[in-house]
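Participant: Data: entry_34.cif, mmCIF, C-alpha atoms (C1' of nucleotides).
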data_query
loop_
_atom_site.label_atom_id
_atom_site.label_comp_id
_atom_site.auth_asym_id
_atom_site.auth_seq_id
_atom_site.Cartn_x
_atom_site.Cartn_y
_atom_site.Cartn_z
CA MET A 1 35.41 15.99 -24.89
CA ALA A 2 32.38 17.18 -22.96
CA GLU A 3 31.76 14.58 -20.31
CA LEU A 4 28.17 13.38 -20.22
CA SER A 5 27.81 13.46 -16.45
CA THR A 6 25.85 10.35 -15.48
CA ARG A 7 24.14 10.83 -12.18
CA PRO A 8 24.72 8.26 -9.45
CA THR A 9 22.33 5.34 -9.84
CA LYS A 10 21.33 5.67 -6.21
CA ASP A 11 20.01 9.17 -6.81
CA VAL A 12 18.20 8.07 -9.94
CA LEU A 13 16.50 5.34 -7.97
CA THR A 14 15.14 7.65 -5.28
CA ASP A 15 14.01 10.11 -7.94
CA VAL A 16 12.16 7.36 -9.76
CA LEU A 17 10.63 6.22 -6.49
CA LEU A 18 9.35 9.71 -5.79
CA ASP A 19 7.97 9.99 -9.31
CA ILE A 20 5.98 6.78 -8.87
CA THR A 21 4.78 8.04 -5.49
CA ALA A 22 3.58 11.32 -6.94
CA GLN A 23 1.73 9.64 -9.78
CA HIS A 24 0.31 6.46 -8.30
CA GLY A 25 0.84 6.72 -4.57
CA LEU A 26 3.24 5.07 -2.17
CA GLU A 27 1.27 1.81 -2.34
CA ALA A 28 2.27 1.46 -5.99
CA VAL A 29 5.96 1.49 -5.15
CA SER A 30 7.66 -1.88 -5.48
CA VAL A 31 11.24 -2.91 -6.01
CA ARG A 32 10.41 -4.19 -9.47
CA GLN A 33 8.58 -1.02 -10.47
CA VAL A 34 11.46 1.17 -9.36
CA ALA A 35 13.97 -1.03 -11.15
CA ALA A 36 11.95 -1.04 -14.36
CA ALA A 37 11.32 2.70 -14.35
CA ALA A 38 15.00 3.37 -13.71
CA GLY A 39 16.04 0.93 -16.44
CA VAL A 40 18.12 -1.25 -14.15
CA SER A 41 17.77 -4.75 -12.77
CA ILE A 42 16.23 -5.79 -9.47
CA GLY A 43 19.66 -6.74 -8.20
CA THR A 44 20.94 -3.23 -8.75
CA VAL A 45 18.21 -1.80 -6.57
CA GLN A 46 19.09 -4.33 -3.91
CA HIS A 47 22.74 -3.41 -4.17
CA HIS A 48 22.04 0.23 -3.31
CA PHE A 49 19.22 -0.42 -0.86
CA PRO A 50 19.47 -3.74 0.97
CA THR A 51 15.78 -3.68 1.83
CA LYS A 52 12.65 -1.94 0.70
CA ASP A 53 12.27 -0.14 4.01
CA ALA A 54 15.76 1.25 3.59
CA MET A 55 14.79 2.50 0.15
CA LEU A 56 11.70 4.21 1.50
CA GLY A 57 13.69 5.70 4.34
CA ALA A 58 16.23 7.14 1.94
CA ALA A 59 13.44 8.53 -0.22
CA PHE A 60 11.82 10.17 2.76
CA THR A 61 15.16 11.69 3.71
CA GLU A 62 15.34 13.12 0.21
CA VAL A 63 11.84 14.53 0.61
CA VAL A 64 12.88 16.21 3.83
CA ARG A 65 15.94 17.59 2.11
CA ARG A 66 13.79 19.11 -0.61
CA ILE A 67 11.45 20.75 1.89
CA ARG A 68 14.37 22.16 3.83
CA GLU A 69 15.90 23.45 0.62
CA ARG A 70 12.70 25.06 -0.61
CA VAL A 71 12.12 26.87 2.65
CA ALA A 72 15.75 27.89 3.06
CA ASN A 73 16.18 29.09 -0.52
CA VAL A 74 13.51 31.73 -0.23
CA VAL A 75 15.27 35.02 -0.62
CA LEU A 76 14.20 37.35 2.12
CA GLY A 77 13.69 40.85 0.85
CA PRO A 78 13.13 44.10 2.71
CA ASP A 79 9.35 43.73 2.55
CA VAL A 80 8.90 41.55 5.63
CA GLN A 81 5.24 40.85 5.02
CA ARG A 82 5.86 39.69 1.49
CA ASN A 83 8.51 37.30 2.77
CA LEU A 84 5.87 35.40 4.71
CA THR A 85 3.73 35.15 1.58
CA THR A 86 6.68 33.87 -0.43
CA VAL A 87 7.56 31.16 2.06
CA LEU A 88 4.03 29.88 2.49
CA ARG A 89 3.23 30.01 -1.23
CA GLU A 90 6.09 27.62 -1.79
CA LEU A 91 4.22 24.98 0.23
CA LEU A 92 0.96 25.23 -1.71
CA PRO A 93 0.20 23.24 -4.89
CA LEU A 94 -0.06 26.35 -7.06
CA ASP A 95 1.49 24.70 -10.11
CA GLU A 96 2.23 21.18 -11.24
CA ARG A 97 5.73 21.19 -9.78
CA ARG A 98 4.52 22.14 -6.33
CA ALA A 99 1.49 19.83 -6.64
CA THR A 100 3.86 16.95 -7.26
CA GLU A 101 5.85 17.82 -4.15
CA VAL A 102 2.68 18.05 -2.10
CA ARG A 103 1.46 14.66 -3.29
CA ILE A 104 4.76 13.12 -2.23
CA GLN A 105 4.70 14.82 1.16
CA VAL A 106 1.11 13.75 1.79
CA ALA A 107 1.91 10.16 0.88
CA PHE A 108 4.79 10.00 3.35
CA ALA A 109 2.91 11.87 6.06
CA ALA A 110 0.07 9.37 5.82
CA ARG A 111 2.46 6.46 6.06
CA ALA A 112 4.20 8.11 8.99
CA ALA A 113 0.89 7.96 10.86
CA THR A 114 1.40 4.22 11.29
CA ALA A 115 5.18 3.92 10.88
CA PRO A 116 7.09 5.18 13.93
CA ALA A 117 10.41 5.35 12.08
CA LEU A 118 8.99 7.80 9.55
CA ALA A 119 7.09 9.66 12.26
CA ALA A 120 10.35 10.61 13.96
CA VAL A 121 11.69 12.13 10.75
CA GLN A 122 8.39 13.91 10.19
CA ALA A 123 8.50 15.37 13.69
CA ASP A 124 11.99 16.72 13.03
CA ILE A 125 11.15 18.46 9.78
CA LEU A 126 7.92 19.86 11.19
CA ALA A 127 9.75 21.36 14.13
CA GLU A 128 12.38 22.85 11.87
CA VAL A 129 9.99 24.38 9.36
CA THR A 130 7.81 25.71 12.16
CA GLU A 131 10.85 27.42 13.62
CA SER A 132 11.75 28.97 10.27
CA ILE A 133 8.25 30.31 9.79
CA ALA A 134 8.24 31.61 13.34
CA ARG A 135 11.33 33.67 12.57
CA VAL A 136 9.74 35.15 9.46
CA ILE A 137 6.60 35.97 11.42
CA ALA A 138 8.61 37.57 14.19
CA LEU A 139 10.11 39.90 11.60
CA ALA A 140 6.88 40.46 9.69
CA GLY A 141 4.90 41.22 12.82
CA HIS A 142 5.41 44.67 14.18
CA GLY A 143 7.91 43.37 16.65
CA THR A 144 5.24 43.28 19.28
CA ASP A 145 4.98 39.49 19.33
CA GLY A 146 7.01 37.56 21.84
CA PRO A 147 8.85 34.45 20.64
CA GLU A 148 6.17 32.13 22.00
CA THR A 149 3.46 34.05 20.18
CA SER A 150 5.42 33.81 16.95
CA ARG A 151 5.77 30.08 17.37
CA ARG A 152 2.08 29.68 18.03
CA LYS A 153 1.29 31.64 14.91
CA ALA A 154 3.81 29.57 12.98
CA HIS A 155 2.10 26.39 14.12
CA ILE A 156 -1.22 27.68 12.88
CA ALA A 157 0.23 29.01 9.65
CA LEU A 158 2.00 25.78 8.76
CA ALA A 159 -1.05 23.72 9.70
CA ALA A 160 -3.33 25.89 7.61
CA VAL A 161 -1.04 25.78 4.59
CA ASP A 162 -0.51 22.03 4.84
CA GLY A 163 -4.22 21.55 5.37
CA LEU A 164 -5.02 23.62 2.29
CA ALA A 165 -2.46 21.63 0.34
CA LEU A 166 -3.93 18.34 1.55
CA HIS A 167 -7.45 19.42 0.67
CA ALA A 168 -6.35 20.54 -2.76
CA VAL A 169 -4.55 17.37 -3.82
CA SER A 170 -7.00 14.96 -2.18
CA SER A 171 -10.12 16.47 -3.73
CA GLY A 172 -9.08 16.64 -7.35
CA SER A 173 -9.29 20.23 -8.42
CA TRP A 174 -11.90 21.36 -5.94
CA LEU A 175 -9.51 24.02 -4.66
CA ASP A 176 -8.04 25.87 -7.60
CA PRO A 177 -4.86 27.97 -7.31
CA ALA A 178 -6.88 31.18 -7.23
CA THR A 179 -8.86 30.02 -4.21
CA LEU A 180 -5.67 28.87 -2.53
CA THR A 181 -3.86 32.18 -2.95
CA ASP A 182 -6.97 34.01 -1.84
CA ALA A 183 -7.15 31.89 1.30
CA LEU A 184 -3.44 32.39 1.91
CA ASP A 185 -3.76 36.16 1.64
CA HIS A 186 -6.51 36.24 4.20
CA LEU A 187 -4.63 33.86 6.46
CA ILE A 188 -1.62 36.13 6.45
CA GLY A 189 -3.83 39.11 7.10
CA MET A 190 -5.18 37.34 10.16
CA LEU A 191 -1.72 36.34 11.33
CA LEU A 192 -0.32 39.84 11.23
CA VAL A 193 -2.71 41.47 13.63
CA PRO A 194 -1.26 41.31 17.13
CA MET B 195 -34.58 -15.50 25.64
CA ALA B 196 -32.65 -12.26 25.21
CA GLU B 197 -31.78 -12.09 21.55
CA LEU B 198 -28.07 -11.53 21.00
CA SER B 199 -28.44 -9.02 18.22
CA THR B 200 -25.84 -9.98 15.66
CA ARG B 201 -24.83 -7.05 13.50
CA PRO B 202 -24.87 -7.43 9.73
CA THR B 203 -21.68 -9.04 8.54
CA LYS B 204 -21.26 -6.33 5.95
CA ASP B 205 -21.03 -3.67 8.67
CA VAL B 206 -18.62 -5.78 10.69
CA LEU B 207 -16.40 -6.07 7.64
CA THR B 208 -16.14 -2.33 7.05
CA ASP B 209 -15.56 -1.77 10.76
CA VAL B 210 -12.74 -4.29 10.73
CA LEU B 211 -11.30 -2.68 7.62
CA LEU B 212 -11.28 0.71 9.29
CA ASP B 213 -9.68 -0.77 12.39
CA ILE B 214 -6.84 -2.22 10.34
CA THR B 215 -6.47 1.10 8.54
CA ALA B 216 -6.23 3.02 11.80
CA GLN B 217 -3.65 0.68 13.25
CA HIS B 218 -1.46 -0.34 10.32
CA GLY B 219 -2.47 1.92 7.47
CA LEU B 220 -4.45 1.38 4.30
CA GLU B 221 -1.55 -0.47 2.70
CA ALA B 222 -1.96 -3.26 5.27
CA VAL B 223 -5.55 -3.90 4.22
CA SER B 224 -6.04 -7.12 2.28
CA VAL B 225 -9.03 -9.32 1.70
CA ARG B 226 -7.50 -12.06 3.78
CA GLN B 227 -6.64 -9.73 6.67
CA VAL B 228 -10.17 -8.38 6.78
CA ALA B 229 -11.65 -11.87 6.63
CA ALA B 230 -9.38 -13.16 9.39
CA ALA B 231 -9.96 -10.18 11.68
CA ALA B 232 -13.71 -10.49 11.19
CA GLY B 233 -13.61 -14.24 11.79
CA VAL B 234 -15.12 -15.13 8.44
CA SER B 235 -13.83 -16.76 5.28
CA ILE B 236 -12.45 -15.09 2.19
CA GLY B 237 -15.51 -16.12 0.26
CA THR B 238 -17.77 -14.26 2.67
CA VAL B 239 -15.91 -11.04 2.08
CA GLN B 240 -16.24 -11.61 -1.65
CA HIS B 241 -19.92 -12.26 -1.25
CA HIS B 242 -20.53 -8.84 0.31
CA PHE B 243 -17.94 -6.93 -1.74
CA PRO B 244 -17.34 -8.33 -5.20
CA THR B 245 -13.97 -6.62 -5.48
CA LYS B 246 -11.44 -5.02 -3.19
CA ASP B 247 -12.01 -1.59 -4.69
CA ALA B 248 -15.71 -1.93 -3.91
CA MET B 249 -14.80 -2.76 -0.33
CA LEU B 250 -12.56 0.28 -0.04
CA GLY B 251 -15.21 2.46 -1.61
CA ALA B 252 -17.80 1.29 0.89
CA ALA B 253 -15.37 1.88 3.73
CA PHE B 254 -14.68 5.42 2.53
CA THR B 255 -18.43 6.04 2.33
CA GLU B 256 -18.66 4.92 5.94
CA VAL B 257 -15.84 7.31 6.87
CA VAL B 258 -17.70 10.15 5.22
CA ARG B 259 -20.85 9.15 7.07
CA ARG B 260 -18.98 9.33 10.36
CA ILE B 261 -17.57 12.76 9.63
CA ARG B 262 -20.97 14.05 8.65
CA GLU B 263 -22.47 12.58 11.80
CA ARG B 264 -19.82 14.02 14.07
CA VAL B 265 -20.20 17.51 12.67
CA ALA B 266 -23.98 17.37 12.60
CA ASN B 267 -24.36 15.94 16.08
CA VAL B 268 -22.69 18.89 17.76
CA VAL B 269 -25.36 20.51 19.85
CA LEU B 270 -25.39 24.20 19.22
CA GLY B 271 -25.89 26.17 22.42
CA PRO B 272 -26.57 29.85 22.97
CA ASP B 273 -22.86 30.65 23.30
CA VAL B 274 -22.10 31.06 19.61
CA GLN B 275 -18.34 31.35 20.04
CA ARG B 276 -18.20 28.17 22.06
CA ASN B 277 -20.06 26.36 19.29
CA LEU B 278 -17.19 26.97 16.92
CA THR B 279 -14.76 25.58 19.45
CA THR B 280 -16.90 22.49 19.94
CA VAL B 281 -17.17 21.72 16.25
CA LEU B 282 -13.49 22.16 15.51
CA ARG B 283 -12.37 20.26 18.62
CA GLU B 284 -14.26 17.26 17.30
CA LEU B 285 -11.89 17.15 14.31
CA LEU B 286 -8.68 17.19 16.34
CA PRO B 287 -7.00 14.05 17.74
CA LEU B 288 -7.51 15.07 21.35
CA ASP B 289 -8.11 11.54 22.60
CA GLU B 290 -7.58 8.04 21.28
CA ARG B 291 -11.05 7.85 19.76
CA ARG B 292 -10.57 11.01 17.73
CA ALA B 293 -6.96 10.09 16.92
CA THR B 294 -8.23 6.85 15.40
CA GLU B 295 -10.71 8.74 13.27
CA VAL B 296 -8.03 11.14 12.12
CA ARG B 297 -5.68 8.33 11.16
CA ILE B 298 -8.41 6.81 9.03
CA GLN B 299 -9.26 10.11 7.39
CA VAL B 300 -5.62 10.83 6.64
CA ALA B 301 -5.14 7.40 5.09
CA PHE B 302 -8.09 7.86 2.74
CA ALA B 303 -7.20 11.46 1.94
CA ALA B 304 -3.72 10.39 0.92
CA ARG B 305 -5.07 7.63 -1.28
CA ALA B 306 -7.55 10.08 -2.79
CA ALA B 307 -4.59 12.14 -3.98
CA THR B 308 -3.91 9.49 -6.64
CA ALA B 309 -7.35 7.83 -6.92
CA PRO B 310 -9.89 10.00 -8.77
CA ALA B 311 -12.88 7.96 -7.58
CA LEU B 312 -12.03 8.67 -3.95
CA ALA B 313 -11.13 12.27 -4.76
CA ALA B 314 -14.68 12.98 -5.88
CA VAL B 315 -16.06 11.72 -2.56
CA GLN B 316 -13.45 13.73 -0.70
CA ALA B 317 -14.40 16.89 -2.58
CA ASP B 318 -18.04 16.39 -1.61
CA ILE B 319 -17.43 15.94 2.09
CA LEU B 320 -14.98 18.85 2.17
CA ALA B 321 -17.51 21.15 0.56
CA GLU B 322 -20.20 20.05 2.96
CA VAL B 323 -18.13 20.41 6.12
CA THR B 324 -16.81 23.76 4.96
CA GLU B 325 -20.37 24.95 4.52
CA SER B 326 -21.34 23.75 7.99
CA ILE B 327 -18.40 25.56 9.56
CA ALA B 328 -19.20 28.67 7.56
CA ARG B 329 -22.67 28.73 9.07
CA VAL B 330 -21.28 28.42 12.59
CA ILE B 331 -18.79 31.18 11.87
CA ALA B 332 -21.50 33.42 10.45
CA LEU B 333 -23.35 33.08 13.74
CA ALA B 334 -20.28 33.33 15.93
CA GLY B 335 -19.01 36.41 14.14
CA HIS B 336 -20.75 39.57 15.16
CA GLY B 337 -22.96 39.33 12.13
CA THR B 338 -20.69 41.73 10.30
CA ASP B 339 -19.27 39.07 8.00
CA GLY B 340 -20.83 38.53 4.62
CA PRO B 341 -21.44 34.96 3.46
CA GLU B 342 -18.37 34.93 1.27
CA THR B 343 -16.21 36.08 4.15
CA SER B 344 -17.62 33.32 6.34
CA ARG B 345 -16.82 30.74 3.72
CA ARG B 346 -13.29 32.02 3.34
CA LYS B 347 -12.82 31.82 7.08
CA ALA B 348 -14.35 28.35 7.08
CA HIS B 349 -11.85 27.24 4.44
CA ILE B 350 -8.99 28.48 6.56
CA ALA B 351 -10.43 27.05 9.76
CA LEU B 352 -10.98 23.59 8.32
CA ALA B 353 -7.57 23.60 6.66
CA ALA B 354 -5.88 24.65 9.88
CA VAL B 355 -7.66 22.02 11.94
CA ASP B 356 -7.02 19.26 9.43
CA GLY B 357 -3.43 20.40 9.12
CA LEU B 358 -2.98 20.29 12.87
CA ALA B 359 -4.56 16.85 12.95
CA LEU B 360 -2.29 15.65 10.15
CA HIS B 361 0.79 17.01 11.89
CA ALA B 362 -0.22 15.41 15.15
CA VAL B 363 -0.81 11.87 13.87
CA SER B 364 2.08 11.88 11.40
CA SER B 365 4.72 13.02 13.87
CA GLY B 366 4.08 10.63 16.71
CA SER B 367 3.28 12.67 19.76
CA TRP B 368 5.10 15.80 18.76
CA LEU B 369 1.87 17.80 19.10
CA ASP B 370 0.24 16.90 22.39
CA PRO B 371 -3.44 17.63 23.07
CA ALA B 372 -2.55 20.65 25.18
CA THR B 373 -0.65 22.25 22.32
CA LEU B 374 -3.48 21.43 19.93
CA THR B 375 -6.18 23.02 22.08
CA ASP B 376 -3.94 26.01 22.65
CA ALA B 377 -3.46 26.42 18.91
CA LEU B 378 -7.17 25.99 18.31
CA ASP B 379 -8.03 28.67 20.85
CA HIS B 380 -5.74 31.15 19.18
CA LEU B 381 -7.00 30.19 15.74
CA ILE B 382 -10.55 30.90 16.81
CA GLY B 383 -9.47 34.17 18.34
CA MET B 384 -7.97 35.15 15.00
CA LEU B 385 -11.04 34.07 13.10
CA LEU B 386 -13.43 36.14 15.16
CA VAL B 387 -11.86 39.54 14.60
CA PRO B 388 -13.50 41.73 11.91
"C1'" DT C 389 49.88 -9.88 -13.22
"C1'" DA C 390 46.92 -10.96 -9.42
"C1'" DT C 391 43.50 -9.57 -5.55
"C1'" DG C 392 39.71 -7.49 -4.11
"C1'" DC C 393 36.04 -4.29 -4.17
"C1'" DC C 394 32.17 -2.05 -6.52
"C1'" DC C 395 28.48 -2.17 -9.57
"C1'" DC C 396 25.38 -4.67 -12.10
"C1'" DC C 397 22.71 -8.65 -13.71
"C1'" DA C 398 19.70 -13.09 -13.90
"C1'" DT C 399 17.27 -16.27 -11.58
"C1'" DA C 400 14.84 -18.67 -7.95
"C1'" DC C 401 12.18 -19.30 -3.68
"C1'" DG C 402 8.46 -18.82 -0.62
"C1'" DA C 403 4.91 -15.93 0.79
"C1'" DC C 404 1.15 -13.20 -0.23
"C1'" DT C 405 -2.03 -10.88 -3.40
"C1'" DG C 406 -6.97 -10.43 -5.78
"C1'" DT C 407 -10.20 -13.16 -7.88
"C1'" DA C 408 -12.81 -17.35 -9.75
"C1'" DT C 409 -15.19 -21.59 -8.98
"C1'" DG C 410 -18.09 -24.85 -6.80
"C1'" DG C 411 -20.19 -26.59 -2.87
"C1'" DT C 412 -23.14 -26.58 1.65
"C1'" DT C 413 -26.64 -24.86 4.69
"C1'" DC C 414 -30.67 -22.28 5.71
"C1'" DC C 415 -34.85 -19.84 5.13
"C1'" DC C 416 -38.70 -18.03 2.67
"C1'" DG C 417 -42.42 -17.65 -0.96
"C1'" DG C 418 -44.87 -20.57 -4.29
"C1'" DC D 419 -43.21 -30.02 -0.61
"C1'" DC D 420 -39.98 -27.61 -3.30
"C1'" DG D 421 -37.45 -24.32 -6.11
"C1'" DG D 422 -34.39 -20.52 -5.41
"C1'" DG D 423 -31.79 -17.14 -3.56
"C1'" DA D 424 -28.91 -15.45 0.23
"C1'" DA D 425 -25.05 -16.30 3.17
"C1'" DC D 426 -21.09 -18.69 4.00
"C1'" DC D 427 -17.12 -21.75 3.25
"C1'" DA D 428 -12.88 -24.21 1.07
"C1'" DT D 429 -9.89 -24.42 -2.47
"C1'" DA D 430 -7.36 -23.18 -6.60
"C1'" DC D 431 -5.08 -20.15 -10.00
"C1'" DA D 432 -2.11 -16.81 -11.84
"C1'" DG D 433 0.40 -13.05 -10.69
"C1'" DT D 434 3.32 -10.00 -7.76
"C1'" DC D 435 5.71 -9.25 -3.72
"C1'" DG D 436 10.41 -8.87 -1.02
"C1'" DT D 437 14.53 -11.08 -0.65
"C1'" DA D 438 18.47 -14.52 -1.21
"C1'" DT D 439 22.03 -16.41 -4.09
"C1'" DG D 440 25.59 -16.62 -7.36
"C1'" DG D 441 27.96 -14.90 -11.09
"C1'" DG D 442 30.25 -11.42 -14.37
"C1'" DG D 443 32.87 -7.36 -15.87
"C1'" DG D 444 35.73 -3.01 -14.65
"C1'" DC D 445 39.09 -0.78 -12.20
"C1'" DA D 446 42.24 0.36 -8.66
"C1'" DT D 447 45.90 -1.18 -5.74
"C1'" DA D 448 49.32 -4.41 -4.13
#
Using the file provided, produce a representation of the structure as structure tokens.
Facilitator:
Amino acid sequence: MAELSTRPTKDVLTDVLLDITAQHGLEAVSVRQVAAAAGVSIGTVQHHFPTKDAMLGAAFTEVVRRIRERVANVVLGPDVQRNLTTVLRELLPLDERRATEVRIQVAFAARAATAPALAAVQADILAEVTESIARVIALAGHGTDGPETSRRKAHIALAAVDGLALHAVSSGSWLDPATLTDALDHLIGMLLVP
Amino acid sequence: MAELSTRPTKDVLTDVLLDITAQHGLEAVSVRQVAAAAGVSIGTVQHHFPTKDAMLGAAFTEVVRRIRERVANVVLGPDVQRNLTTVLRELLPLDERRATEVRIQVAFAARAATAPALAAVQADILAEVTESIARVIALAGHGTDGPETSRRKAHIALAAVDGLALHAVSSGSWLDPATLTDALDHLIGMLLVP
DNA sequence: TATGCCCCCATACGACTGTATGGTTCCCGG
DNA sequence: CCGGGAACCATACAGTCGTATGGGGGCATA
């Protein structure tokens, strides 16, 4: 008989936590809310995560995993310039799926500003993504950029994309997808001149 | 006798609220905390702000006022390119004072992502600051940019600066002031071609 | 069959939350 | 002089918070 594969409760819990975060913010996350939304008891949540901070830490780790996955899963084609567009577009809230991810990232980034434990994780993922983008830029540029120039450009590129994403989700729909892609195109144009 | 000019309690309360936000995040703000830090009773806070949401709204208005003031107070000199640097440097966490402001802004921006009332205010201030930067860019550019090009560049510039600021405060001290100013210099260099 | 671990549940405790209520003091216009 | 509002305080209420405690099935291994 076809086995109905039930996902591990622990994974369900972090998914539910991230859902609540995307919809109502990290301040709306409580043990009871997570338990209720996951359809389990409070005790079950406590069994998998001994404390709330541990639960948030695990959720942030999952967020980092998703970012890593999204950046890594971009298939690099022969058109090196288009690769840069593809990678950076993945980080913008161009549809509801990506908007949800951005809302989650923003929530954790804001909390990291006053929570050293989360800040360390944030620093790691930022460094890693910056390095990935730097590699794409090094290929997309005409090979004239040194590695330090590529990294500088990657810093700017990631900051600009994250800034656009932050502006978009924090201002309602002031920045529509069309404006975002337009801005991204011009950003890339600026990045690819030596 | 020299009058010890006591500031209005209402202003003290929003200042205290912003202090708490900068140090421990918006999630640490409670009516009791604000009252205690301001040295007044709970009832006094309620007298000036009938509800907590009203208090947060007033605080966000004060944040917006500060941003507006900081951008407007930049003295524009004859060196048009340097003006752009001056304005954008004011938005980066280059010292503790500006880092505090950035932490506050980030906290409210994140909350605005799931609070429509705050999102509207955020959209307003973003539009206004973008317009200000666009004017500076229009002057700093060699006059060859049309107004729509200036606004596009302003979008990118503000996003990049806010993104850098977000990365800096959310990752501990991964981005030091030297790296930030270096990135800003190169960003401006990129902005001022064509 | 018995032991022990894993997963899940129900409940309780103390602390903290936002808000409501009523009182006191002070000053200012009638 | 006196009514009234503004500013401030103390306390209380109902609800939610995170966490601790103890128990109950299921399943593998001894």
Participant: In Å, rounded to a single decimal, give me how far CA of Val161 in chain A is from CA of Leu92 in chain A.
Facilitator: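 CA of Leu92 in chain A sits 6.6 Å away from CA of Val161 in chain A.
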Participant: Using the chain letters and numbers from the file, give me the residues hit by the PyMOL selection byres ((chain C) within 12 of (chain B)), as number ranges by chain.
Facilitator: C: 404-411
Participant: Selected residues, C-alpha atoms (C1' of nucleotides), written as a PDB file, in the frame of the given file, please.
Facilitator:
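To be explicit, this is the file written out as result12.pdb:
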ATOM      1  C1'  DC C 404       1.150 -13.200  -0.230  1.00  0.00           C
ATOM      2  C1'  DT C 405      -2.030 -10.880  -3.400  1.00  0.00           C
ATOM      3  C1'  DG C 406      -6.970 -10.430  -5.780  1.00  0.00           C
ATOM      4  C1'  DT C 407     -10.200 -13.160  -7.880  1.00  0.00           C
ATOM      5  C1'  DA C 408     -12.810 -17.350  -9.750  1.00  0.00           C
ATOM      6  C1'  DT C 409     -15.190 -21.590  -8.980  1.00  0.00           C
ATOM      7  C1'  DG C 410     -18.090 -24.850  -6.800  1.00  0.00           C
ATOM      8  C1'  DG C 411     -20.190 -26.590  -2.870  1.00  0.00           C
TER       9       DG C 411
END
Participant: I want to know what sits within 6 Å of range 19-23 of chain A, based on only C-alpha atoms (C1' of nucleotides), with residues of the same chain fewer than 5 positions away left out; could you give that as a list in words?
Facilitator: Thr100, Arg103 and Ile104 of chain A
Participant: Per residue of chain D within 10 Å of chain B, record the nearest atom pair and its distance in Å to one decimal, counting only C-alpha atoms (C1' of nucleotides), with rows in chain order and ascending residue number, as a tab-separated table.
Facilitator:
residue	atom	partner	partner_atom	distance
D:DA424	C1'	B:His241	CA	9.7
D:DA425	C1'	B:Thr238	CA	7.6
D:DC426	C1'	B:Thr238	CA	5.7
D:DC427	C1'	B:Ser235	CA	6.3
D:DA428	C1'	B:Gly237	CA	8.5
Participant: Dump C-alpha atoms (C1' of nucleotides) for the selected residues as a PDB file, in the frame of the given file?
Facilitator:
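Saved the output as part-v2.pdb:
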ATOM      1  C1'  DA D 424     -28.910 -15.450   0.230  1.00  0.00           C
ATOM      2  C1'  DA D 425     -25.050 -16.300   3.170  1.00  0.00           C
ATOM      3  C1'  DC D 426     -21.090 -18.690   4.000  1.00  0.00           C
ATOM      4  C1'  DC D 427     -17.120 -21.750   3.250  1.00  0.00           C
ATOM      5  C1'  DA D 428     -12.880 -24.210   1.070  1.00  0.00           C
TER       6       DA D 428
END
Participant: Extract, using all atoms listed in the file, all DNA, RNA and protein residues at most 7 Å from range 359-374 of chain B, discarding same-chain residues fewer than 2 positions from it, and format them as a list of chain:residue names.
Facilitator: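 So, after excluding close chain neighbours, the residues are A:Ala109, A:Ala110, A:Ala112, A:Ala113, A:Pro116, A:Ala119, A:Ala120, A:Gln122, A:Ala123, B:Leu286, B:Pro287, B:Leu288, B:Val296, B:Arg297, B:Val300, B:Val355, B:Asp356, B:Gly357, B:Asp376, B:Ala377, B:Leu378.
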Participant: In Å, rounded to a single decimal, give me how far CA of Asp95 in chain A is from CA of Leu164 in chain A.
Facilitator: 14.0 Å
Participant: Go through B:Ala301, B:Val323, B:Ala328, B:Leu278 and flag the residue nearest chain A, using all atoms listed in the file for the distances.
Facilitator: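 For chain A, the nearest of the candidates is B:Ala301.
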Participant: Could you work out how far CA of Thr324 in chain B lies from CA of His349 in chain B, giving the answer in Å with one decimal?
Facilitator: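 Atom-to-atom, CA of His349 in chain B to CA of Thr324 in chain B, that is 6.1 Å.
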Participant: Report as a VMD selection string the full result of the PyMOL selection byres ((chain B and resi 249) around 12) when it is applied to this structure.
Facilitator: chain B and resid 204 to 205 207 to 212 223 to 225 228 to 229 239 to 248 250 to 256
Participant: Might you spell out which residues the PyMOL selection byres ((chain C and resi 399) around 9) would select in the displayed file, as a PyMOL selection string?
Facilitator: (chain C and resi 398+400) or (chain D and resi 439)
Participant: Give me, as a PyMOL selection string, all polymer residues having an atom no more than 12 Å from DA448 in chain D, counting only C-alpha atoms (C1' of nucleotides) and skipping those fewer than 4 positions away in the same chain.
Facilitator: chain C and resi 389-392
Participant: Emit as AutoDock Vina command-line options the padded axis-aligned box for all listed atoms of range 170-188 of chain A, 8 Å per side, with centre and edge lengths in Å to one decimal.
Facilitator:
--center_x -6.8 --center_y 25.6 --center_z -1.0 --size_x 26.3 --size_y 37.3 --size_z 30.9
Participant: Point out the residue among A:Ala138, A:Ala38, A:Ala28, A:Leu76 with the least atom-to-atom distance to chain B, counting all atoms listed in the file.
Facilitator: A:Ala28
